[in-house]
$ cat final_34.cif   # mmCIF, N, CA and C atoms
data_data
loop_
_atom_site.label_atom_id
_atom_site.label_comp_id
_atom_site.auth_asym_id
_atom_site.auth_seq_id
_atom_site.Cartn_x
_atom_site.Cartn_y
_atom_site.Cartn_z
N MET A 271 -15.25 -5.38 -18.08
CA MET A 271 -14.21 -5.16 -17.09
C MET A 271 -13.55 -3.80 -17.28
N ARG A 272 -13.34 -3.45 -18.55
CA ARG A 272 -12.71 -2.15 -18.79
C ARG A 272 -13.54 -1.01 -18.19
N ARG A 273 -14.84 -1.07 -18.42
CA ARG A 273 -15.71 -0.02 -17.89
C ARG A 273 -15.71 -0.03 -16.36
N LEU A 274 -15.75 -1.21 -15.77
CA LEU A 274 -15.71 -1.33 -14.31
C LEU A 274 -14.44 -0.70 -13.75
N LEU A 275 -13.31 -0.96 -14.38
CA LEU A 275 -12.05 -0.40 -13.91
C LEU A 275 -11.99 1.12 -14.13
N LEU A 276 -12.51 1.58 -15.24
CA LEU A 276 -12.54 3.02 -15.50
C LEU A 276 -13.40 3.73 -14.45
N GLU A 277 -14.56 3.20 -14.17
CA GLU A 277 -15.43 3.79 -13.14
C GLU A 277 -14.78 3.74 -11.76
N PHE A 278 -14.07 2.65 -11.47
CA PHE A 278 -13.37 2.52 -10.20
C PHE A 278 -12.30 3.60 -10.07
N GLU A 279 -11.52 3.80 -11.13
CA GLU A 279 -10.49 4.85 -11.11
C GLU A 279 -11.11 6.23 -10.92
N GLU A 280 -12.22 6.50 -11.58
CA GLU A 280 -12.87 7.81 -11.47
C GLU A 280 -13.42 8.06 -10.07
N ARG A 281 -13.87 7.00 -9.41
CA ARG A 281 -14.47 7.12 -8.09
C ARG A 281 -13.43 7.13 -6.96
N THR A 282 -12.26 6.56 -7.21
CA THR A 282 -11.23 6.45 -6.18
C THR A 282 -9.95 7.13 -6.70
N THR A 283 -8.93 7.12 -5.91
CA THR A 283 -7.63 7.64 -6.36
C THR A 283 -6.69 6.49 -6.69
N ILE A 284 -7.26 5.31 -6.92
CA ILE A 284 -6.47 4.10 -7.15
C ILE A 284 -6.36 3.83 -8.64
N GLY A 285 -5.13 3.68 -9.12
CA GLY A 285 -4.90 3.37 -10.53
C GLY A 285 -5.22 1.91 -10.81
N THR A 286 -5.55 1.61 -12.06
CA THR A 286 -5.88 0.24 -12.45
C THR A 286 -5.18 -0.13 -13.75
N SER A 287 -5.07 -1.42 -13.96
CA SER A 287 -4.62 -1.93 -15.25
C SER A 287 -5.37 -3.23 -15.53
N LEU A 288 -5.52 -3.53 -16.79
CA LEU A 288 -6.20 -4.75 -17.23
C LEU A 288 -5.30 -5.45 -18.22
N ARG A 289 -5.10 -6.74 -18.00
CA ARG A 289 -4.31 -7.55 -18.93
C ARG A 289 -5.15 -8.75 -19.33
N VAL A 290 -5.30 -8.94 -20.63
CA VAL A 290 -6.06 -10.06 -21.16
C VAL A 290 -5.10 -10.97 -21.92
N ARG A 291 -5.11 -12.24 -21.55
CA ARG A 291 -4.24 -13.22 -22.21
C ARG A 291 -5.11 -14.29 -22.86
N GLY A 292 -4.63 -14.82 -23.96
CA GLY A 292 -5.38 -15.85 -24.67
C GLY A 292 -6.39 -15.23 -25.61
N ASP A 293 -7.22 -16.07 -26.18
CA ASP A 293 -8.26 -15.62 -27.12
C ASP A 293 -9.49 -15.20 -26.33
N ALA A 294 -9.65 -13.89 -26.14
CA ALA A 294 -10.79 -13.37 -25.40
C ALA A 294 -12.07 -13.75 -26.12
N ARG A 295 -13.07 -14.12 -25.35
CA ARG A 295 -14.35 -14.53 -25.93
C ARG A 295 -15.46 -14.27 -24.93
N ARG A 296 -16.66 -14.23 -25.43
CA ARG A 296 -17.83 -14.12 -24.56
C ARG A 296 -18.02 -15.46 -23.86
N LEU A 297 -18.54 -15.38 -22.64
CA LEU A 297 -18.80 -16.57 -21.85
C LEU A 297 -20.30 -16.70 -21.65
N MET A 298 -20.71 -17.80 -21.06
CA MET A 298 -22.12 -17.96 -20.72
C MET A 298 -22.51 -16.77 -19.84
N PRO A 299 -23.70 -16.21 -20.05
CA PRO A 299 -24.10 -15.00 -19.30
C PRO A 299 -23.97 -15.13 -17.79
N GLU A 300 -24.35 -16.26 -17.22
CA GLU A 300 -24.26 -16.41 -15.77
C GLU A 300 -22.81 -16.46 -15.30
N LEU A 301 -21.93 -16.98 -16.13
CA LEU A 301 -20.50 -17.01 -15.80
C LEU A 301 -19.92 -15.60 -15.89
N GLU A 302 -20.25 -14.88 -16.95
CA GLU A 302 -19.78 -13.50 -17.08
C GLU A 302 -20.22 -12.66 -15.89
N LEU A 303 -21.50 -12.77 -15.53
CA LEU A 303 -22.02 -11.97 -14.43
C LEU A 303 -21.37 -12.36 -13.11
N GLY A 304 -21.22 -13.65 -12.86
CA GLY A 304 -20.60 -14.10 -11.62
C GLY A 304 -19.17 -13.61 -11.48
N LEU A 305 -18.38 -13.72 -12.55
CA LEU A 305 -16.99 -13.24 -12.51
C LEU A 305 -16.95 -11.72 -12.34
N TYR A 306 -17.84 -11.02 -13.03
CA TYR A 306 -17.92 -9.57 -12.89
C TYR A 306 -18.19 -9.20 -11.43
N ARG A 307 -19.16 -9.86 -10.80
CA ARG A 307 -19.51 -9.54 -9.41
C ARG A 307 -18.37 -9.85 -8.45
N ILE A 308 -17.62 -10.91 -8.71
CA ILE A 308 -16.47 -11.22 -7.86
C ILE A 308 -15.42 -10.13 -7.98
N VAL A 309 -15.13 -9.70 -9.21
CA VAL A 309 -14.16 -8.62 -9.41
C VAL A 309 -14.67 -7.34 -8.77
N GLN A 310 -15.95 -7.06 -8.93
CA GLN A 310 -16.56 -5.87 -8.34
C GLN A 310 -16.38 -5.87 -6.82
N GLU A 311 -16.62 -6.99 -6.18
CA GLU A 311 -16.46 -7.09 -4.72
C GLU A 311 -14.99 -6.97 -4.33
N ALA A 312 -14.11 -7.58 -5.11
CA ALA A 312 -12.67 -7.45 -4.81
C ALA A 312 -12.24 -5.99 -4.89
N LEU A 313 -12.72 -5.26 -5.90
CA LEU A 313 -12.39 -3.84 -6.01
C LEU A 313 -12.98 -3.04 -4.85
N HIS A 314 -14.17 -3.39 -4.45
CA HIS A 314 -14.80 -2.74 -3.30
C HIS A 314 -13.93 -2.93 -2.05
N ASN A 315 -13.43 -4.15 -1.87
CA ASN A 315 -12.55 -4.41 -0.72
C ASN A 315 -11.25 -3.63 -0.82
N VAL A 316 -10.70 -3.52 -2.02
CA VAL A 316 -9.48 -2.73 -2.21
C VAL A 316 -9.74 -1.28 -1.80
N ASP A 317 -10.84 -0.74 -2.26
CA ASP A 317 -11.17 0.66 -1.95
C ASP A 317 -11.37 0.87 -0.45
N ARG A 318 -12.05 -0.03 0.21
CA ARG A 318 -12.38 0.14 1.63
C ARG A 318 -11.24 -0.19 2.58
N HIS A 319 -10.41 -1.18 2.21
CA HIS A 319 -9.48 -1.71 3.21
C HIS A 319 -8.01 -1.69 2.85
N ALA A 320 -7.66 -1.64 1.58
CA ALA A 320 -6.29 -1.93 1.18
C ALA A 320 -5.32 -0.76 1.26
N ALA A 321 -5.82 0.47 1.21
CA ALA A 321 -4.92 1.64 1.12
C ALA A 321 -3.93 1.44 -0.04
N ALA A 322 -4.44 0.93 -1.15
CA ALA A 322 -3.62 0.63 -2.32
C ALA A 322 -3.47 1.84 -3.22
N ARG A 323 -2.40 1.82 -4.00
CA ARG A 323 -2.20 2.84 -5.04
C ARG A 323 -2.57 2.29 -6.41
N HIS A 324 -2.53 0.95 -6.55
CA HIS A 324 -2.79 0.35 -7.84
C HIS A 324 -3.42 -1.03 -7.66
N VAL A 325 -4.30 -1.36 -8.58
CA VAL A 325 -4.88 -2.70 -8.62
C VAL A 325 -4.82 -3.18 -10.07
N ALA A 326 -4.36 -4.42 -10.25
CA ALA A 326 -4.23 -5.01 -11.58
C ALA A 326 -5.22 -6.16 -11.70
N VAL A 327 -5.94 -6.17 -12.81
CA VAL A 327 -6.88 -7.25 -13.09
C VAL A 327 -6.37 -7.99 -14.31
N GLY A 328 -6.33 -9.29 -14.21
CA GLY A 328 -5.89 -10.13 -15.32
C GLY A 328 -6.98 -11.13 -15.68
N LEU A 329 -7.20 -11.29 -16.96
CA LEU A 329 -8.12 -12.30 -17.48
C LEU A 329 -7.31 -13.22 -18.38
N ALA A 330 -7.38 -14.51 -18.12
CA ALA A 330 -6.66 -15.47 -18.95
C ALA A 330 -7.66 -16.46 -19.52
N PHE A 331 -7.70 -16.52 -20.84
CA PHE A 331 -8.60 -17.43 -21.54
C PHE A 331 -7.79 -18.58 -22.10
N ALA A 332 -8.18 -19.77 -21.76
CA ALA A 332 -7.62 -20.99 -22.33
C ALA A 332 -8.83 -21.92 -22.47
N ALA A 333 -8.69 -23.18 -22.11
CA ALA A 333 -9.85 -24.07 -22.12
C ALA A 333 -10.86 -23.61 -21.08
N GLY A 334 -10.36 -23.09 -19.95
CA GLY A 334 -11.19 -22.49 -18.91
C GLY A 334 -10.90 -21.00 -18.87
N VAL A 335 -11.18 -20.39 -17.74
CA VAL A 335 -10.96 -18.96 -17.57
C VAL A 335 -10.36 -18.73 -16.19
N ARG A 336 -9.40 -17.81 -16.11
CA ARG A 336 -8.83 -17.42 -14.82
C ARG A 336 -8.88 -15.90 -14.71
N VAL A 337 -9.28 -15.42 -13.53
CA VAL A 337 -9.33 -13.99 -13.25
C VAL A 337 -8.49 -13.73 -12.00
N ASN A 338 -7.61 -12.74 -12.09
CA ASN A 338 -6.79 -12.32 -10.95
C ASN A 338 -7.07 -10.85 -10.66
N VAL A 339 -7.18 -10.52 -9.39
CA VAL A 339 -7.27 -9.13 -8.95
C VAL A 339 -6.17 -8.97 -7.90
N ARG A 340 -5.16 -8.16 -8.23
CA ARG A 340 -4.00 -8.01 -7.35
C ARG A 340 -3.81 -6.54 -7.00
N ASP A 341 -3.68 -6.25 -5.70
CA ASP A 341 -3.44 -4.87 -5.28
C ASP A 341 -2.10 -4.75 -4.57
N ASP A 342 -1.62 -3.51 -4.48
CA ASP A 342 -0.35 -3.24 -3.79
C ASP A 342 -0.59 -2.62 -2.42
N GLY A 343 -1.69 -2.98 -1.80
CA GLY A 343 -2.08 -2.37 -0.54
C GLY A 343 -1.43 -2.98 0.69
N VAL A 344 -2.05 -2.71 1.83
CA VAL A 344 -1.48 -3.10 3.11
C VAL A 344 -1.63 -4.59 3.42
N GLY A 345 -2.50 -5.28 2.71
CA GLY A 345 -2.70 -6.70 2.96
C GLY A 345 -3.34 -6.95 4.31
N PHE A 346 -3.47 -8.21 4.66
CA PHE A 346 -3.99 -8.56 5.97
C PHE A 346 -3.44 -9.92 6.35
N PRO A 347 -3.43 -10.21 7.65
CA PRO A 347 -2.82 -11.46 8.11
C PRO A 347 -3.61 -12.69 7.71
N GLY A 348 -2.91 -13.78 7.48
CA GLY A 348 -3.50 -15.05 7.09
C GLY A 348 -4.63 -15.53 7.99
N PRO A 349 -4.54 -15.37 9.32
CA PRO A 349 -5.62 -15.85 10.18
C PRO A 349 -6.98 -15.24 9.84
N MET A 350 -6.99 -14.03 9.28
CA MET A 350 -8.28 -13.45 8.87
C MET A 350 -8.91 -14.29 7.76
N LEU A 351 -8.07 -14.80 6.86
CA LEU A 351 -8.58 -15.64 5.78
C LEU A 351 -9.11 -16.96 6.34
N ALA A 352 -8.34 -17.56 7.23
CA ALA A 352 -8.73 -18.84 7.79
C ALA A 352 -10.03 -18.73 8.59
N ALA A 353 -10.21 -17.61 9.26
CA ALA A 353 -11.41 -17.42 10.07
C ALA A 353 -12.63 -17.12 9.20
N GLY A 354 -12.40 -16.83 7.91
CA GLY A 354 -13.52 -16.53 7.02
C GLY A 354 -14.17 -15.21 7.35
N SER A 355 -13.40 -14.32 7.95
CA SER A 355 -13.98 -13.04 8.33
C SER A 355 -14.26 -12.20 7.10
N GLY A 356 -15.27 -11.42 7.18
CA GLY A 356 -15.61 -10.52 6.09
C GLY A 356 -16.67 -11.11 5.20
N LEU A 357 -17.80 -10.45 5.14
CA LEU A 357 -18.89 -10.92 4.29
C LEU A 357 -18.52 -10.85 2.82
N GLY A 358 -17.67 -9.88 2.45
CA GLY A 358 -17.25 -9.78 1.05
C GLY A 358 -16.51 -11.01 0.59
N LEU A 359 -15.57 -11.49 1.40
CA LEU A 359 -14.82 -12.70 1.05
C LEU A 359 -15.74 -13.91 0.99
N LEU A 360 -16.65 -14.00 1.94
CA LEU A 360 -17.60 -15.12 1.93
C LEU A 360 -18.50 -15.08 0.71
N GLY A 361 -18.95 -13.88 0.34
CA GLY A 361 -19.78 -13.74 -0.85
C GLY A 361 -19.05 -14.13 -2.11
N MET A 362 -17.78 -13.73 -2.22
CA MET A 362 -16.99 -14.11 -3.38
C MET A 362 -16.83 -15.63 -3.45
N GLN A 363 -16.57 -16.24 -2.29
CA GLN A 363 -16.41 -17.70 -2.25
C GLN A 363 -17.70 -18.39 -2.67
N GLU A 364 -18.81 -17.90 -2.19
CA GLU A 364 -20.11 -18.50 -2.55
C GLU A 364 -20.38 -18.38 -4.04
N ARG A 365 -20.12 -17.20 -4.60
CA ARG A 365 -20.33 -17.01 -6.05
C ARG A 365 -19.44 -17.96 -6.85
N ALA A 366 -18.18 -18.05 -6.45
CA ALA A 366 -17.26 -18.94 -7.16
C ALA A 366 -17.76 -20.37 -7.11
N SER A 367 -18.21 -20.80 -5.96
CA SER A 367 -18.71 -22.15 -5.80
C SER A 367 -19.92 -22.40 -6.71
N LEU A 368 -20.81 -21.44 -6.80
CA LEU A 368 -21.98 -21.58 -7.67
C LEU A 368 -21.59 -21.68 -9.15
N LEU A 369 -20.44 -21.09 -9.50
CA LEU A 369 -19.96 -21.13 -10.87
C LEU A 369 -19.15 -22.39 -11.17
N GLY A 370 -18.91 -23.20 -10.13
CA GLY A 370 -18.05 -24.36 -10.30
C GLY A 370 -16.59 -23.96 -10.36
N ALA A 371 -16.29 -22.81 -9.80
CA ALA A 371 -14.94 -22.25 -9.86
C ALA A 371 -14.24 -22.40 -8.51
N ARG A 372 -12.96 -22.16 -8.54
CA ARG A 372 -12.15 -22.18 -7.32
C ARG A 372 -11.68 -20.77 -7.04
N LEU A 373 -11.89 -20.29 -5.82
CA LEU A 373 -11.45 -18.95 -5.42
C LEU A 373 -10.33 -19.12 -4.40
N VAL A 374 -9.22 -18.43 -4.64
CA VAL A 374 -8.09 -18.44 -3.72
C VAL A 374 -7.75 -16.99 -3.42
N VAL A 375 -7.62 -16.67 -2.14
CA VAL A 375 -7.21 -15.33 -1.71
C VAL A 375 -5.89 -15.47 -0.98
N ARG A 376 -4.91 -14.70 -1.44
CA ARG A 376 -3.60 -14.68 -0.78
C ARG A 376 -3.31 -13.25 -0.38
N SER A 377 -2.88 -13.09 0.85
CA SER A 377 -2.58 -11.76 1.35
C SER A 377 -1.51 -11.86 2.42
N SER A 378 -0.69 -10.83 2.49
CA SER A 378 0.26 -10.74 3.59
C SER A 378 0.42 -9.27 3.94
N VAL A 379 0.60 -9.02 5.20
CA VAL A 379 0.71 -7.65 5.68
C VAL A 379 1.85 -6.94 4.96
N GLY A 380 1.53 -5.77 4.42
CA GLY A 380 2.52 -4.96 3.74
C GLY A 380 2.81 -5.35 2.31
N ARG A 381 2.19 -6.41 1.82
CA ARG A 381 2.49 -6.89 0.47
C ARG A 381 1.28 -7.00 -0.43
N GLY A 382 0.13 -6.56 0.04
CA GLY A 382 -1.06 -6.58 -0.82
C GLY A 382 -1.81 -7.89 -0.79
N THR A 383 -2.80 -7.96 -1.68
CA THR A 383 -3.70 -9.10 -1.72
C THR A 383 -3.94 -9.50 -3.17
N THR A 384 -4.07 -10.79 -3.39
CA THR A 384 -4.44 -11.32 -4.69
C THR A 384 -5.65 -12.21 -4.54
N VAL A 385 -6.65 -11.95 -5.36
CA VAL A 385 -7.84 -12.80 -5.44
C VAL A 385 -7.76 -13.48 -6.79
N ARG A 386 -7.82 -14.82 -6.79
CA ARG A 386 -7.76 -15.58 -8.04
C ARG A 386 -8.98 -16.48 -8.13
N VAL A 387 -9.65 -16.41 -9.26
CA VAL A 387 -10.80 -17.27 -9.55
C VAL A 387 -10.45 -18.09 -10.78
N THR A 388 -10.57 -19.40 -10.66
CA THR A 388 -10.27 -20.30 -11.77
C THR A 388 -11.53 -21.10 -12.10
N VAL A 389 -11.96 -20.97 -13.35
CA VAL A 389 -13.10 -21.73 -13.84
C VAL A 389 -12.56 -22.76 -14.81
N PRO A 390 -12.61 -24.04 -14.43
CA PRO A 390 -12.09 -25.06 -15.35
C PRO A 390 -13.05 -25.25 -16.52
N ALA A 391 -12.50 -25.76 -17.61
CA ALA A 391 -13.35 -26.12 -18.75
C ALA A 391 -14.16 -27.34 -18.37
N PRO A 392 -15.42 -27.40 -18.79
CA PRO A 392 -16.20 -28.60 -18.53
C PRO A 392 -15.52 -29.82 -19.17
N GLU A 393 -15.56 -30.95 -18.50
CA GLU A 393 -14.90 -32.16 -19.01
C GLU A 393 -15.41 -32.51 -20.39
N GLY A 394 -14.46 -32.75 -21.28
CA GLY A 394 -14.81 -33.17 -22.63
C GLY A 394 -15.35 -32.05 -23.51
N GLN A 395 -15.45 -30.83 -22.97
CA GLN A 395 -15.99 -29.71 -23.74
C GLN A 395 -15.13 -28.48 -23.52
N PRO A 396 -13.88 -28.50 -23.98
CA PRO A 396 -12.97 -27.40 -23.67
C PRO A 396 -13.40 -26.05 -24.21
N ARG A 397 -14.25 -25.97 -25.21
CA ARG A 397 -14.67 -24.69 -25.76
C ARG A 397 -16.12 -24.37 -25.45
N SER A 398 -16.77 -25.13 -24.59
CA SER A 398 -18.19 -24.91 -24.35
C SER A 398 -18.49 -23.62 -23.62
N LEU A 399 -17.47 -23.00 -23.05
CA LEU A 399 -17.67 -21.71 -22.39
C LEU A 399 -17.95 -20.62 -23.41
N GLN A 400 -17.51 -20.84 -24.64
CA GLN A 400 -17.65 -19.83 -25.67
C GLN A 400 -19.05 -19.86 -26.25
N VAL A 401 -19.69 -18.69 -26.29
CA VAL A 401 -21.04 -18.64 -26.85
C VAL A 401 -21.24 -17.53 -27.87
N GLY A 402 -20.29 -16.69 -28.07
CA GLY A 402 -20.50 -15.60 -29.01
C GLY A 402 -19.19 -15.02 -29.48
N PRO A 403 -19.27 -13.94 -30.26
CA PRO A 403 -18.06 -13.32 -30.77
C PRO A 403 -17.26 -12.66 -29.64
N SER A 404 -16.00 -12.49 -29.92
CA SER A 404 -15.09 -11.90 -28.94
C SER A 404 -15.40 -10.42 -28.74
N SER A 405 -15.53 -10.01 -27.48
CA SER A 405 -15.66 -8.59 -27.14
C SER A 405 -15.43 -8.42 -25.64
N PRO A 406 -14.17 -8.44 -25.21
CA PRO A 406 -13.86 -8.37 -23.78
C PRO A 406 -14.27 -7.07 -23.15
#

$ encode --input "final_34.cif" --output "structure tokens"
Amino acid sequence: MRRLLLEFEERTTIGTSLRVRGDARRLMPELELGLYRIVQEALHNVDRHAAARHVAVGLAFAAGVRVNVRDDGVGFPGPMLAAGSGLGLLGMQERASLLGARLVVRSSVGRGTTVRVTVPAPEGQPRSLQVGPSSP
């Protein structure tokens, strides 16, 4: 994520920040890749549509994993979300679904957009997401 944000800053004029909470750990490769691609698409949308000055990415590790991408851009009206407009949003939703995750997008005109992906811990296996040493 750090590299993705650094490259995003270098390519755009948008500042970034990353906040990691909890005990950072490696995840199953397909989960790592899926979350990475969702964040990548969210950043792509920020660059193309948000007119943002800053985007903050948060990773929270507990029994499951939560990822937030929040920008300070122009936002968009709720009916766009309900209509499912935008292939990027649909792609993020599809990826989240394949991961067994929940994707929520909140946006309001003039107040920016937040994309949140929550991956619950598998039942009865709260640490099964962990597969290797920590290196966020």

$ closest_residue --input "final_34.cif" --among "A:Leu357, A:Val379, A:Ala330, A:Ala312" --to "Arg295 (chain A)" --atoms "only C-alpha atoms"
A:Ala330

$ select_by_dssp --input "final_34.cif" --residues "region 277-391 of chain A" --states "helix (DSSP H, G or I)" --output "JSON, numbers by chain"
{"A": [277, 278, 279, 280, 281, 299, 300, 301, 302, 303, 304, 305, 306, 307, 308, 309, 310, 311, 312, 313, 314, 315, 316, 317, 318, 319, 320, 348, 349, 350, 351, 352, 353, 357, 358, 359, 360, 361, 362, 363, 364, 365, 366, 367, 368]}

$ resolve_selection --input "final_34.cif" --expression "the PyMOL selection byres (((chain A and resi 306 and name CA) around 12) and name CA)" --output "NGL selection string"
:A and (271-275 or 297 or 299-305 or 307-313 or 327 or 329 or 337-339 or 362 or 365-366 or 369 or 387 or 406)

$ atom_distance --input "final_34.cif" --atom1 "CA of Leu360 (chain A)" --atom2 "atom C of Ala333 (chain A)"
25.4 Å

$ axis_aligned_box --input "final_34.cif" --around "region 279-294 of chain A" --padding-each-side "4 Å" --output "AutoDock Vina command-line options"
--center_x -9.4 --center_y -4.0 --center_z -16.5 --size_x 18.2 --size_y 32.1 --size_z 29.2

$ closest_residue --input "final_34.cif" --among "A:His314, A:Arg340, A:Ser378, A:Gly334" --to "Thr286 (chain A)" --atoms "only C-alpha atoms"
A:Arg340

$ closest_residue --input "final_34.cif" --among "A:Gly358, A:Ala294, A:His319, A:Glu280" --to "Gly343 (chain A)" --atoms "only N, CA and C atoms"
A:His319

$ atom_distance --input "final_34.cif" --atom1 "atom N of Val385 (chain A)" --atom2 "CA of Ala326 (chain A)"
9.6 Å

$ select_by_dssp --input "final_34.cif" --residues "region 294-403 of chain A" --states "strand (DSSP E or B)" --output "ChimeraX atom specification"
/A:324-331,335-341,372-378,382-389

$ atom_distance --input "final_34.cif" --atom1 "atom C of Leu288 (chain A)" --atom2 "CA of Gly328 (chain A)"
5.5 Å

$ closest_residue --input "final_34.cif" --among "A:Val335, A:Val344, A:Gln363, A:Glu277" --to "Thr388 (chain A)" --atoms "only C-alpha atoms"
A:Val335

$ resolve_selection --input "final_34.cif" --expression "the PyMOL selection byres ((chain A and resi 377) around 6)" --output "list in words"
Gly345, Phe346, Pro347, Gly348, Val375, Arg376, Ser378, Val379, Gly382, Thr383 and Thr384 of chain A

$ build_atoms --input "final_34.cif" --residues "region 326-334 of chain A" --atoms "all heavy atoms" --output "mmCIF file, in the coordinates of the input"
data_model
loop_
_atom_site.group_PDB
_atom_site.id
_atom_site.type_symbol
_atom_site.label_atom_id
_atom_site.label_comp_id
_atom_site.auth_asym_id
_atom_site.auth_seq_id
_atom_site.Cartn_x
_atom_site.Cartn_y
_atom_site.Cartn_z
ATOM 1 N N ALA A 326 -4.360 -4.420 -10.250
ATOM 2 C CA ALA A 326 -4.230 -5.010 -11.580
ATOM 3 C C ALA A 326 -5.220 -6.160 -11.700
ATOM 4 O O ALA A 326 -5.311 -7.011 -10.815
ATOM 5 C CB ALA A 326 -2.812 -5.521 -11.792
ATOM 6 N N VAL A 327 -5.940 -6.170 -12.810
ATOM 7 C CA VAL A 327 -6.880 -7.250 -13.090
ATOM 8 C C VAL A 327 -6.370 -7.990 -14.310
ATOM 9 O O VAL A 327 -5.994 -7.376 -15.315
ATOM 10 C CB VAL A 327 -8.312 -6.718 -13.335
ATOM 11 C CG1 VAL A 327 -9.250 -7.846 -13.754
ATOM 12 C CG2 VAL A 327 -8.831 -6.002 -12.097
ATOM 13 N N GLY A 328 -6.330 -9.290 -14.210
ATOM 14 C CA GLY A 328 -5.890 -10.130 -15.320
ATOM 15 C C GLY A 328 -6.980 -11.130 -15.680
ATOM 16 O O GLY A 328 -7.602 -11.713 -14.796
ATOM 17 N N LEU A 329 -7.200 -11.290 -16.960
ATOM 18 C CA LEU A 329 -8.120 -12.300 -17.480
ATOM 19 C C LEU A 329 -7.310 -13.220 -18.380
ATOM 20 O O LEU A 329 -6.625 -12.748 -19.287
ATOM 21 C CB LEU A 329 -9.242 -11.671 -18.301
ATOM 22 C CG LEU A 329 -10.140 -10.656 -17.610
ATOM 23 C CD1 LEU A 329 -11.026 -9.960 -18.626
ATOM 24 C CD2 LEU A 329 -10.983 -11.352 -16.563
ATOM 25 N N ALA A 330 -7.380 -14.510 -18.120
ATOM 26 C CA ALA A 330 -6.660 -15.470 -18.950
ATOM 27 C C ALA A 330 -7.660 -16.460 -19.520
ATOM 28 O O ALA A 330 -8.392 -17.120 -18.777
ATOM 29 C CB ALA A 330 -5.605 -16.201 -18.122
ATOM 30 N N PHE A 331 -7.700 -16.520 -20.840
ATOM 31 C CA PHE A 331 -8.600 -17.430 -21.540
ATOM 32 C C PHE A 331 -7.790 -18.580 -22.100
ATOM 33 O O PHE A 331 -6.819 -18.385 -22.818
ATOM 34 C CB PHE A 331 -9.295 -16.710 -22.707
ATOM 35 C CG PHE A 331 -10.250 -15.645 -22.267
ATOM 36 C CD1 PHE A 331 -9.826 -14.339 -22.067
ATOM 37 C CD2 PHE A 331 -11.582 -15.947 -22.054
ATOM 38 C CE1 PHE A 331 -10.702 -13.350 -21.667
ATOM 39 C CE2 PHE A 331 -12.473 -14.962 -21.647
ATOM 40 C CZ PHE A 331 -12.033 -13.669 -21.454
ATOM 41 N N ALA A 332 -8.180 -19.770 -21.760
ATOM 42 C CA ALA A 332 -7.620 -20.990 -22.330
ATOM 43 C C ALA A 332 -8.830 -21.920 -22.470
ATOM 44 O O ALA A 332 -9.901 -21.462 -22.834
ATOM 45 C CB ALA A 332 -6.536 -21.559 -21.419
ATOM 46 N N ALA A 333 -8.690 -23.180 -22.110
ATOM 47 C CA ALA A 333 -9.850 -24.070 -22.120
ATOM 48 C C ALA A 333 -10.860 -23.610 -21.080
ATOM 49 O O ALA A 333 -12.057 -23.673 -21.284
ATOM 50 C CB ALA A 333 -9.411 -25.504 -21.855
ATOM 51 N N GLY A 334 -10.360 -23.090 -19.950
ATOM 52 C CA GLY A 334 -11.190 -22.490 -18.910
ATOM 53 C C GLY A 334 -10.900 -21.000 -18.870
ATOM 54 O O GLY A 334 -10.388 -20.428 -19.829
#
